[in-house]
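S.K.: The structure under discussion is supplied below as structure tokens; questions concerning it will follow.
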Amino acid sequence: MAMQRTPLLMARLIERGAVLSPDTEVVTATAEGTRRQTNRDTLQRAHRLAHALRDAGVGIGDRVGVFMWNGSRHLEAYWAIACMGAVLHNLNVRLPGHDLDYIINHAQSKLIIADADLLPLLEPLAGRLPSVEKIVVAVEEGSEDWSTSLPGPVDYEDFIAPWPEGFAWPSLDENAPLALCYTSGTTGRPKGVEYEHRSQYLHTMAMCMTDAMGLSATDTVFGVVPMFHVMGWGLPWAALMLGCKQVMPHRFTSPERLVRLMADEAVTLATGVPTIWQNVRTACMARPGAHDLSNLARIVSGGSAVPPSLARWYWEALGVEMIQEWGMTETSPLATFSRRRWTPSRTRSATAPDEYLAEVAKAGQALPGLEVEIVDEEFAPLPHDGQQTGEILVRGPWVCADYYRDPQPGKFHGDWLITGDVGRIDNRDCLVLADRSKDLVRSGGEWISSVDLENHILALAGVAQACVVAQSHPTWDERPVALVVLDRGAELAVDQVLEHCSNRFAKWQLPDDVLFVESIPLTSTGKMDKKAVRADLAESGYTLPGLRQASP
């Protein structure tokens with residue numbers, strides 16, 4: 001007997017939480033405190049927003065740009081735009097103006113919803129966005145006196161006020177577009193990835209599994225990952241589906257404010273890149289015991305490798321499990337998770353076992369439904385022995401097959417996505433990332449992993465951040481250079497860093513130089529911007545120590 005062919009549409013999935021947990025809160029940080037509304041409020045406001053968008057001429061398939069911090073109105077936009085059959089076009093607030101210009105025009109967004117305090121970033125584009133007919137401005141405390149030269153400006157609350165709470169979501173094909181996300185443009189122009197209802201439905205279900213984020217309706221989730229960055233890793237959809245309490249930091253992401261929000265709202269799960277959690281650790285160490293984080297059970301970290309030393313501190317100091325995930329815009333977004341394989345009693349005094357630290361250092365196993373493979377330069381599969389290193393390929397129902405209005409045949413091999421990452425797969429099919437292919441250091445025909453060096457340097461007491469980049473060498477092709485940011489008040493010498501590295505790495509793998517710096521530039525998604533680091537070194541006329549005598 002055949003099963004029903006019910007389309008996998010997000011509207012069928014995400015209203016569940018508001019029905020089951022109508023009084024659970026969505027909390028948005030503000031300049032003076034927090035702003036609160038219930039799941040029921042959010043559902044009703046999303047319906048009113050959908051009415052307003054339709055009245056403004058937004059129809060099925062139209063792109064609606066969203067230029068906002070993480071907050072309840074951003075969540076309403078997720079809900080309304082996707083479920084009414086329009087396309088949620090996430091705009092990264094940290095991208096330079098020329099990339100924003102390109103993305104908005106390439107997507108031909110019809111309308112933009114923006115936070116008032118972000119209008120100055122859009123203002124330079126006035127008159128250069130022919131497809132944009134209206135801008136809807138969301139106002140928080142402190143930004144009430146806004147004005148703009150952008151087309152058709154209207155206050156968000158005035159925009160939705162006249163409309164009723166009920167909206168009949170249309171019947172769509174499950175392969176209809178739901179959202180449009182662009183890569184951060186670190187290599188060439190940003191490329192668009194169109195997410196479908198079916199792909200996000202399946203991704204939402206998978207990421208809640210025990211061996212992924214392990215979400216339940218009892219969780220209070222704190223998405224520090226921006227919602228404009230690959231759908232906030234899918235956490236907003238999952239929290240809506242389950243009816244979780246959601247805490248959103250808006251623009252208030254200083255480490256001290258993040259710690260206070262987690263404590264005050266009894267957060268159980270938080271997501272963010274490693275640099276966020278390194279800074280939060282520094283804030284906690286500066287004021288030990290100042291905030292009660294006893295409810296925090298797990299942190300999901302991704303975007304770059306989780307240093308084992310960071311995972312050790314969170315377990316031993318706070319009793320918090322750190323989970324590494326790996327994914328990218330093209331995998332919409334999560335592909336693998338690394339969860340612990342041990343079950344000790346969760347006490348603050350417990351020492352993190354070596355097997356836990358070994359697991360968290362891996363990118364982990366593919367979510368059910370996805371396949372991950374490593375290949376050589378001829379695309380021949382390599383053994384899953386934990387030793388062989390190759391290009392990482394991935395395929396599955398939420399992996400993109402092409403780019404939006406931008407063919408890129410060199411990014412695909414048959415039905416596999418060529419990720420641009422390099423790594424190993426062990427005998428339990430756990431993926432271990434070596435590096436981005438562009439960030440590996442090629443020295444004398446051998447590869448040196450910048451990630452491995454960075455993680456080892458971070459384990460040295462007094463080191464807050466470490467960044468390893470390649471520098472050209474006439475004999476060895478490239479050699480590694482380490483940039484190090486120290487904890488406040490810490491003192492280290494170059495020889496101490498090199499001696500620490502020599503405990504694990506061969507002499508030829510050691511950095512040729514160590515530079516102590518005040519800060520390391522970050523990309524629009526909070527990762528270390530190695531492209532900018534290399535450019536800064538070149539602009540400063542930096543030369544490797546062994547070449548300086550030969551320099552003019």
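Chain labels run A, B, ... following the order of the structure tokens; each chain numbers its residues from 1, and ligands are numbered from 1 in the order shown.
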Could you pull out the strand (DSSP E or B) residues of segment 278-332 of chain A, going by DSSP on the backbone, and write them as an mmCIF file with N, CA and C atoms, in the first residue's frame?
M.R.:
```
data_model
loop_
_atom_site.group_PDB
_atom_site.id
_atom_site.type_symbol
_atom_site.label_atom_id
_atom_site.label_comp_id
_atom_site.auth_asym_id
_atom_site.auth_seq_id
_atom_site.Cartn_x
_atom_site.Cartn_y
_atom_site.Cartn_z
ATOM 1 N N ARG A 298 25.872 22.366 26.382
ATOM 2 C CA ARG A 298 26.681 22.101 25.193
ATOM 3 C C ARG A 298 26.784 23.343 24.324
ATOM 4 N N ILE A 299 27.930 23.424 23.660
ATOM 5 C CA ILE A 299 28.227 24.490 22.704
ATOM 6 C C ILE A 299 28.524 23.822 21.370
ATOM 7 N N VAL A 300 27.870 24.290 20.329
ATOM 8 C CA VAL A 300 28.151 23.802 18.978
ATOM 9 C C VAL A 300 29.019 24.851 18.304
ATOM 10 N N SER A 301 30.204 24.426 17.867
ATOM 11 C CA SER A 301 31.166 25.352 17.287
ATOM 12 C C SER A 301 31.553 24.879 15.898
ATOM 13 N N GLU A 321 29.907 20.436 27.295
ATOM 14 C CA GLU A 321 30.397 19.675 26.147
ATOM 15 C C GLU A 321 30.515 20.604 24.944
ATOM 16 N N MET A 322 31.657 20.539 24.253
ATOM 17 C CA MET A 322 31.818 21.288 23.019
ATOM 18 C C MET A 322 31.697 20.319 21.849
ATOM 19 N N ILE A 323 30.837 20.658 20.906
ATOM 20 C CA ILE A 323 30.573 19.818 19.735
ATOM 21 C C ILE A 323 31.094 20.545 18.514
ATOM 22 N N GLN A 324 31.909 19.873 17.738
ATOM 23 C CA GLN A 324 32.369 20.481 16.495
ATOM 24 C C GLN A 324 31.441 20.062 15.353
ATOM 25 N N GLU A 325 31.073 21.025 14.512
ATOM 26 C CA GLU A 325 30.336 20.707 13.293
ATOM 27 C C GLU A 325 31.126 21.225 12.101
ATOM 28 N N TRP A 326 30.820 20.660 10.938
ATOM 29 C CA TRP A 326 31.433 21.153 9.706
ATOM 30 C C TRP A 326 30.361 21.263 8.637
ATOM 31 N N GLY A 327 30.424 22.328 7.896
ATOM 32 C CA GLY A 327 29.497 22.544 6.802
ATOM 33 C C GLY A 327 29.888 23.808 6.071
#
```
S.K.: With only C-alpha atoms as the counted atoms, please give the residues lying no more than 6 Å from segment 383-398 of chain A, apart from itself and same-chain residues fewer than 6 positions off, as a PyMOL selection string.
M.R.: chain A and resi 199+331+370-376+416-419+421-427
S.K.: I need the residue nearest Leu440 of chain A from this list: A:Glu316, A:Glu76, A:Glu478, A:Glu140. Use only C-alpha atoms for the distance.
M.R.: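 Among the listed residues, the smallest separation from Leu440 of chain A belongs to A:Glu478.
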S.K.: So which residues touch Ala361 of chain A within 10 Å, counting only C-alpha atoms, skipping near sequence neighbours fewer than 6 positions away, as a ChimeraX atom specification?
M.R.: /A:305-309,311,322-324,338,431-433,452,455
S.K.: I need the residues from that last selection saved to file as an mmCIF file, in the first residue's frame (with all heavy atoms), if you can.
M.R.:
```cif
data_model
loop_
_atom_site.group_PDB
_atom_site.id
_atom_site.type_symbol
_atom_site.label_atom_id
_atom_site.label_comp_id
_atom_site.auth_asym_id
_atom_site.auth_seq_id
_atom_site.Cartn_x
_atom_site.Cartn_y
_atom_site.Cartn_z
ATOM 1 N N ALA A 305 38.343 24.936 12.903
ATOM 2 C CA ALA A 305 38.534 23.807 13.803
ATOM 3 C C ALA A 305 38.482 24.237 15.267
ATOM 4 O O ALA A 305 38.955 25.309 15.645
ATOM 5 C CB ALA A 305 39.872 23.133 13.509
ATOM 6 N N VAL A 306 37.893 23.387 16.097
ATOM 7 C CA VAL A 306 37.835 23.623 17.543
ATOM 8 C C VAL A 306 39.169 23.220 18.168
ATOM 9 O O VAL A 306 39.563 22.055 18.077
ATOM 10 C CB VAL A 306 36.694 22.817 18.186
ATOM 11 C CG1 VAL A 306 36.743 22.944 19.708
ATOM 12 C CG2 VAL A 306 35.341 23.279 17.651
ATOM 13 N N PRO A 307 39.890 24.141 18.797
ATOM 14 C CA PRO A 307 41.132 23.757 19.471
ATOM 15 C C PRO A 307 40.832 22.832 20.651
ATOM 16 O O PRO A 307 39.973 23.159 21.482
ATOM 17 C CB PRO A 307 41.697 25.101 19.952
ATOM 18 C CG PRO A 307 41.004 26.142 19.135
ATOM 19 C CD PRO A 307 39.642 25.585 18.851
ATOM 20 N N PRO A 308 41.490 21.694 20.761
ATOM 21 C CA PRO A 308 41.256 20.802 21.910
ATOM 22 C C PRO A 308 41.446 21.494 23.250
ATOM 23 O O PRO A 308 40.751 21.186 24.218
ATOM 24 C CB PRO A 308 42.288 19.683 21.690
ATOM 25 C CG PRO A 308 42.491 19.651 20.208
ATOM 26 C CD PRO A 308 42.413 21.088 19.779
ATOM 27 N N SER A 309 42.385 22.459 23.316
ATOM 28 C CA SER A 309 42.602 23.167 24.577
ATOM 29 C C SER A 309 41.367 23.971 24.972
ATOM 30 O O SER A 309 41.058 24.120 26.162
ATOM 31 C CB SER A 309 43.814 24.099 24.457
ATOM 32 O OG SER A 309 43.625 25.034 23.399
ATOM 33 N N ALA A 311 38.185 23.130 24.128
ATOM 34 C CA ALA A 311 37.213 22.131 24.565
ATOM 35 C C ALA A 311 37.527 21.653 25.984
ATOM 36 O O ALA A 311 36.626 21.443 26.801
ATOM 37 C CB ALA A 311 37.200 20.958 23.593
ATOM 38 N N MET A 322 31.657 20.539 24.253
ATOM 39 C CA MET A 322 31.818 21.288 23.019
ATOM 40 C C MET A 322 31.697 20.319 21.849
ATOM 41 O O MET A 322 32.347 19.268 21.826
ATOM 42 C CB MET A 322 33.159 22.018 22.987
ATOM 43 C CG MET A 322 33.332 22.911 21.770
ATOM 44 S SD MET A 322 34.616 24.168 22.001
ATOM 45 C CE MET A 322 33.678 25.451 22.828
ATOM 46 N N ILE A 323 30.837 20.658 20.906
ATOM 47 C CA ILE A 323 30.573 19.818 19.735
ATOM 48 C C ILE A 323 31.094 20.545 18.514
ATOM 49 O O ILE A 323 30.759 21.715 18.286
ATOM 50 C CB ILE A 323 29.053 19.575 19.572
ATOM 51 C CG1 ILE A 323 28.460 18.961 20.835
ATOM 52 C CG2 ILE A 323 28.767 18.703 18.358
ATOM 53 C CD1 ILE A 323 26.943 19.059 20.892
ATOM 54 N N GLN A 324 31.909 19.873 17.738
ATOM 55 C CA GLN A 324 32.369 20.481 16.495
ATOM 56 C C GLN A 324 31.441 20.062 15.353
ATOM 57 O O GLN A 324 31.044 18.902 15.252
ATOM 58 C CB GLN A 324 33.802 20.086 16.152
ATOM 59 C CG GLN A 324 34.277 20.738 14.856
ATOM 60 C CD GLN A 324 35.772 20.641 14.602
ATOM 61 O OE1 GLN A 324 36.278 21.256 13.681
ATOM 62 N NE2 GLN A 324 36.494 19.883 15.409
ATOM 63 N N SER A 338 30.599 16.072 15.460
ATOM 64 C CA SER A 338 31.465 15.243 16.288
ATOM 65 C C SER A 338 30.964 15.315 17.726
ATOM 66 O O SER A 338 31.084 16.345 18.387
ATOM 67 C CB SER A 338 32.913 15.732 16.204
ATOM 68 O OG SER A 338 33.764 14.866 16.914
ATOM 69 N N LEU A 431 35.332 12.459 9.807
ATOM 70 C CA LEU A 431 36.107 13.389 8.998
ATOM 71 C C LEU A 431 37.028 14.206 9.896
ATOM 72 O O LEU A 431 36.616 14.713 10.936
ATOM 73 C CB LEU A 431 35.149 14.322 8.242
ATOM 74 C CG LEU A 431 35.772 15.421 7.379
ATOM 75 C CD1 LEU A 431 36.533 14.809 6.213
ATOM 76 C CD2 LEU A 431 34.691 16.377 6.878
ATOM 77 N N VAL A 432 38.280 14.328 9.480
ATOM 78 C CA VAL A 432 39.272 15.141 10.182
ATOM 79 C C VAL A 432 39.748 16.195 9.197
ATOM 80 O O VAL A 432 40.364 15.859 8.177
ATOM 81 C CB VAL A 432 40.459 14.301 10.689
ATOM 82 C CG1 VAL A 432 41.439 15.184 11.455
ATOM 83 C CG2 VAL A 432 39.982 13.139 11.556
ATOM 84 N N LEU A 433 39.460 17.455 9.470
ATOM 85 C CA LEU A 433 39.851 18.524 8.556
ATOM 86 C C LEU A 433 41.329 18.818 8.694
ATOM 87 O O LEU A 433 41.847 18.947 9.802
ATOM 88 C CB LEU A 433 39.056 19.793 8.846
ATOM 89 C CG LEU A 433 37.539 19.738 8.608
ATOM 90 C CD1 LEU A 433 36.914 21.067 8.996
ATOM 91 C CD2 LEU A 433 37.228 19.406 7.167
ATOM 92 N N ASP A 452 46.514 22.656 12.247
ATOM 93 C CA ASP A 452 47.197 21.866 13.278
ATOM 94 C C ASP A 452 48.174 22.737 14.075
ATOM 95 O O ASP A 452 48.265 22.630 15.303
ATOM 96 C CB ASP A 452 47.949 20.691 12.639
ATOM 97 C CG ASP A 452 47.014 19.599 12.151
ATOM 98 O OD1 ASP A 452 45.823 19.633 12.511
ATOM 99 O OD2 ASP A 452 47.475 18.716 11.388
ATOM 100 N N ASN A 455 46.149 25.176 16.401
ATOM 101 C CA ASN A 455 45.564 24.521 17.577
ATOM 102 C C ASN A 455 46.621 24.187 18.616
ATOM 103 O O ASN A 455 46.373 24.280 19.827
ATOM 104 C CB ASN A 455 44.816 23.257 17.153
ATOM 105 C CG ASN A 455 43.480 23.573 16.499
ATOM 106 O OD1 ASN A 455 42.976 24.675 16.618
ATOM 107 N ND2 ASN A 455 42.915 22.594 15.819
#
```
S.K.: Leaving out Pro190 of chain A and any residue of its chain fewer than 5 positions from it, which residues lie within 8 Å of it when counting only C-alpha atoms, given as a JSON list (two decimals) with C-alpha atoms, in the first residue's frame?
M.R.:
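out_37.json, written as the output of this step:
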```json
[["chain", "number", "residue", "atom", "x", "y", "z"],
["A", 99, "ASP", "CA", 29.54, 42.88, -2.40],
["A", 103, "ILE", "CA", 24.29, 40.43, -4.21],
["A", 182, "TYR", "CA", 25.51, 33.87, -0.80],
["A", 183, "THR", "CA", 29.01, 32.76, -0.01],
["A", 184, "SER", "CA", 31.18, 35.37, 1.70],
["A", 185, "GLY", "CA", 33.13, 36.07, -1.49]]
```
S.K.: Once DSSP has gone over the backbone, tell me which residues of segment 349-413 of chain A are in alpha helix (DSSP H), as a list in words.
M.R.: Asp354, Glu355, Tyr356, Leu357, Ala358, Glu359 and Val360 of chain A
S.K.: What's around Asp495 of chain A at 12 Å? Count only C-alpha atoms, leave out sequence neighbours fewer than 3 positions away in its own chain, and write the answer as an mmCIF file with N, CA, C and O atoms, in the first residue's frame.
M.R.:
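Everything below was put into out-v2.cif:
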```cif
data_model
loop_
_atom_site.group_PDB
_atom_site.id
_atom_site.type_symbol
_atom_site.label_atom_id
_atom_site.label_comp_id
_atom_site.auth_asym_id
_atom_site.auth_seq_id
_atom_site.Cartn_x
_atom_site.Cartn_y
_atom_site.Cartn_z
ATOM 1 N N LEU A 492 55.260 36.174 26.417
ATOM 2 C CA LEU A 492 55.886 35.018 25.781
ATOM 3 C C LEU A 492 56.958 35.500 24.813
ATOM 4 O O LEU A 492 56.840 36.601 24.253
ATOM 5 N N LEU A 498 58.182 28.448 19.619
ATOM 6 C CA LEU A 498 58.812 27.451 18.741
ATOM 7 C C LEU A 498 59.171 26.183 19.505
ATOM 8 O O LEU A 498 59.027 25.067 18.993
ATOM 9 N N GLU A 499 59.632 26.338 20.733
ATOM 10 C CA GLU A 499 59.950 25.158 21.546
ATOM 11 C C GLU A 499 58.698 24.344 21.827
ATOM 12 O O GLU A 499 58.711 23.116 21.777
ATOM 13 N N HIS A 500 57.592 25.033 22.113
ATOM 14 C CA HIS A 500 56.312 24.357 22.339
ATOM 15 C C HIS A 500 55.894 23.578 21.088
ATOM 16 O O HIS A 500 55.452 22.423 21.182
ATOM 17 N N CYS A 501 56.043 24.177 19.915
ATOM 18 C CA CYS A 501 55.676 23.507 18.659
ATOM 19 C C CYS A 501 56.570 22.307 18.366
ATOM 20 O O CYS A 501 56.122 21.309 17.795
ATOM 21 N N SER A 502 57.841 22.407 18.763
ATOM 22 C CA SER A 502 58.783 21.318 18.465
ATOM 23 C C SER A 502 58.456 20.053 19.239
ATOM 24 O O SER A 502 58.954 18.967 18.896
ATOM 25 N N LEU A 510 57.956 23.601 11.534
ATOM 26 C CA LEU A 510 57.855 24.713 12.474
ATOM 27 C C LEU A 510 57.733 26.041 11.730
ATOM 28 O O LEU A 510 58.280 26.212 10.638
ATOM 29 N N PRO A 511 57.025 27.013 12.320
ATOM 30 C CA PRO A 511 56.960 28.341 11.698
ATOM 31 C C PRO A 511 58.356 28.947 11.553
ATOM 32 O O PRO A 511 59.209 28.788 12.434
ATOM 33 N N ASP A 512 58.584 29.632 10.447
ATOM 34 C CA ASP A 512 59.850 30.338 10.262
ATOM 35 C C ASP A 512 59.907 31.610 11.095
ATOM 36 O O ASP A 512 60.989 32.155 11.314
ATOM 37 N N ASP A 513 58.741 32.075 11.539
ATOM 38 C CA ASP A 513 58.708 33.301 12.325
ATOM 39 C C ASP A 513 57.442 33.306 13.171
ATOM 40 O O ASP A 513 56.428 32.683 12.820
ATOM 41 N N VAL A 514 57.493 34.013 14.292
ATOM 42 C CA VAL A 514 56.334 34.228 15.160
ATOM 43 C C VAL A 514 56.200 35.726 15.384
ATOM 44 O O VAL A 514 57.148 36.374 15.849
ATOM 45 N N LEU A 515 55.044 36.276 15.044
ATOM 46 C CA LEU A 515 54.794 37.703 15.189
ATOM 47 C C LEU A 515 53.714 37.904 16.258
ATOM 48 O O LEU A 515 52.623 37.345 16.148
#
```
S.K.: Tell me, in Å to one decimal, how far atom CA of Ser332 of chain A is from atom CA of Glu25 of chain A.
M.R.: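 So the answer is 26.6 Å.
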S.K.: May I have the residues within 7 Å of segment 234-242 of chain A as number ranges by chain, using only C-alpha atoms and disregarding those fewer than 5 positions away in the same chain?
M.R.: A: 13-17, 204, 208, 216-217, 223
S.K.: Between A:Ala461, A:Gln365, A:Gly232, A:Ala532, which has the minimum distance to Trp313 of chain A (counting only C-alpha atoms)?
M.R.: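 Counting only C-alpha atoms, the residue closest to Trp313 of chain A is A:Ala461.
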S.K.: Smallest atom-to-atom distance to Leu95 of chain A: which of A:Ile448, A:Leu121, A:Leu49, A:Val26, using only C-alpha atoms?
M.R.: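 Comparing A:Ile448, A:Leu121, A:Leu49, A:Val26 against Leu95 of chain A, the winner is A:Leu121.
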S.K.: Counting only C-alpha atoms, which residue out of A:Glu196, A:Glu378, A:Asp101, A:Asp264 sits closest to Val87 of chain A?
M.R.: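 Ranked by minimum distance to Val87 of chain A, first place goes to A:Glu196.
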S.K.: To one decimal place, how far is atom CA of Ala363 of chain A from atom CA of Val451 of chain A in Å?
M.R.: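 Atom CA of Ala363 of chain A sits 12.5 Å away from atom CA of Val451 of chain A.
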S.K.: Neighbours of Cys467 of chain A within 6 Å (only C-alpha atoms; same-chain residues fewer than 2 positions away dropped), as JSON, numbers by chain?
M.R.: {"A": [454, 482, 483]}
S.K.: Out of A:His51, A:His456, A:Arg428, A:Arg45, which residue has the shortest atom-to-atom distance to Ser72 of chain A when counting only C-alpha atoms?
M.R.: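 Result for the nearest residue to Ser72 of chain A: A:Arg45.
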S.K.: Name the closest residue to Ala466 of chain A among the candidates A:Pro249, A:Pro521, A:Pro545, A:Gly319; distances are taken between atoms, counting only C-alpha atoms.
M.R.: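 Going through A:Pro249, A:Pro521, A:Pro545, A:Gly319 one by one, the smallest distance to Ala466 of chain A is for A:Pro521.
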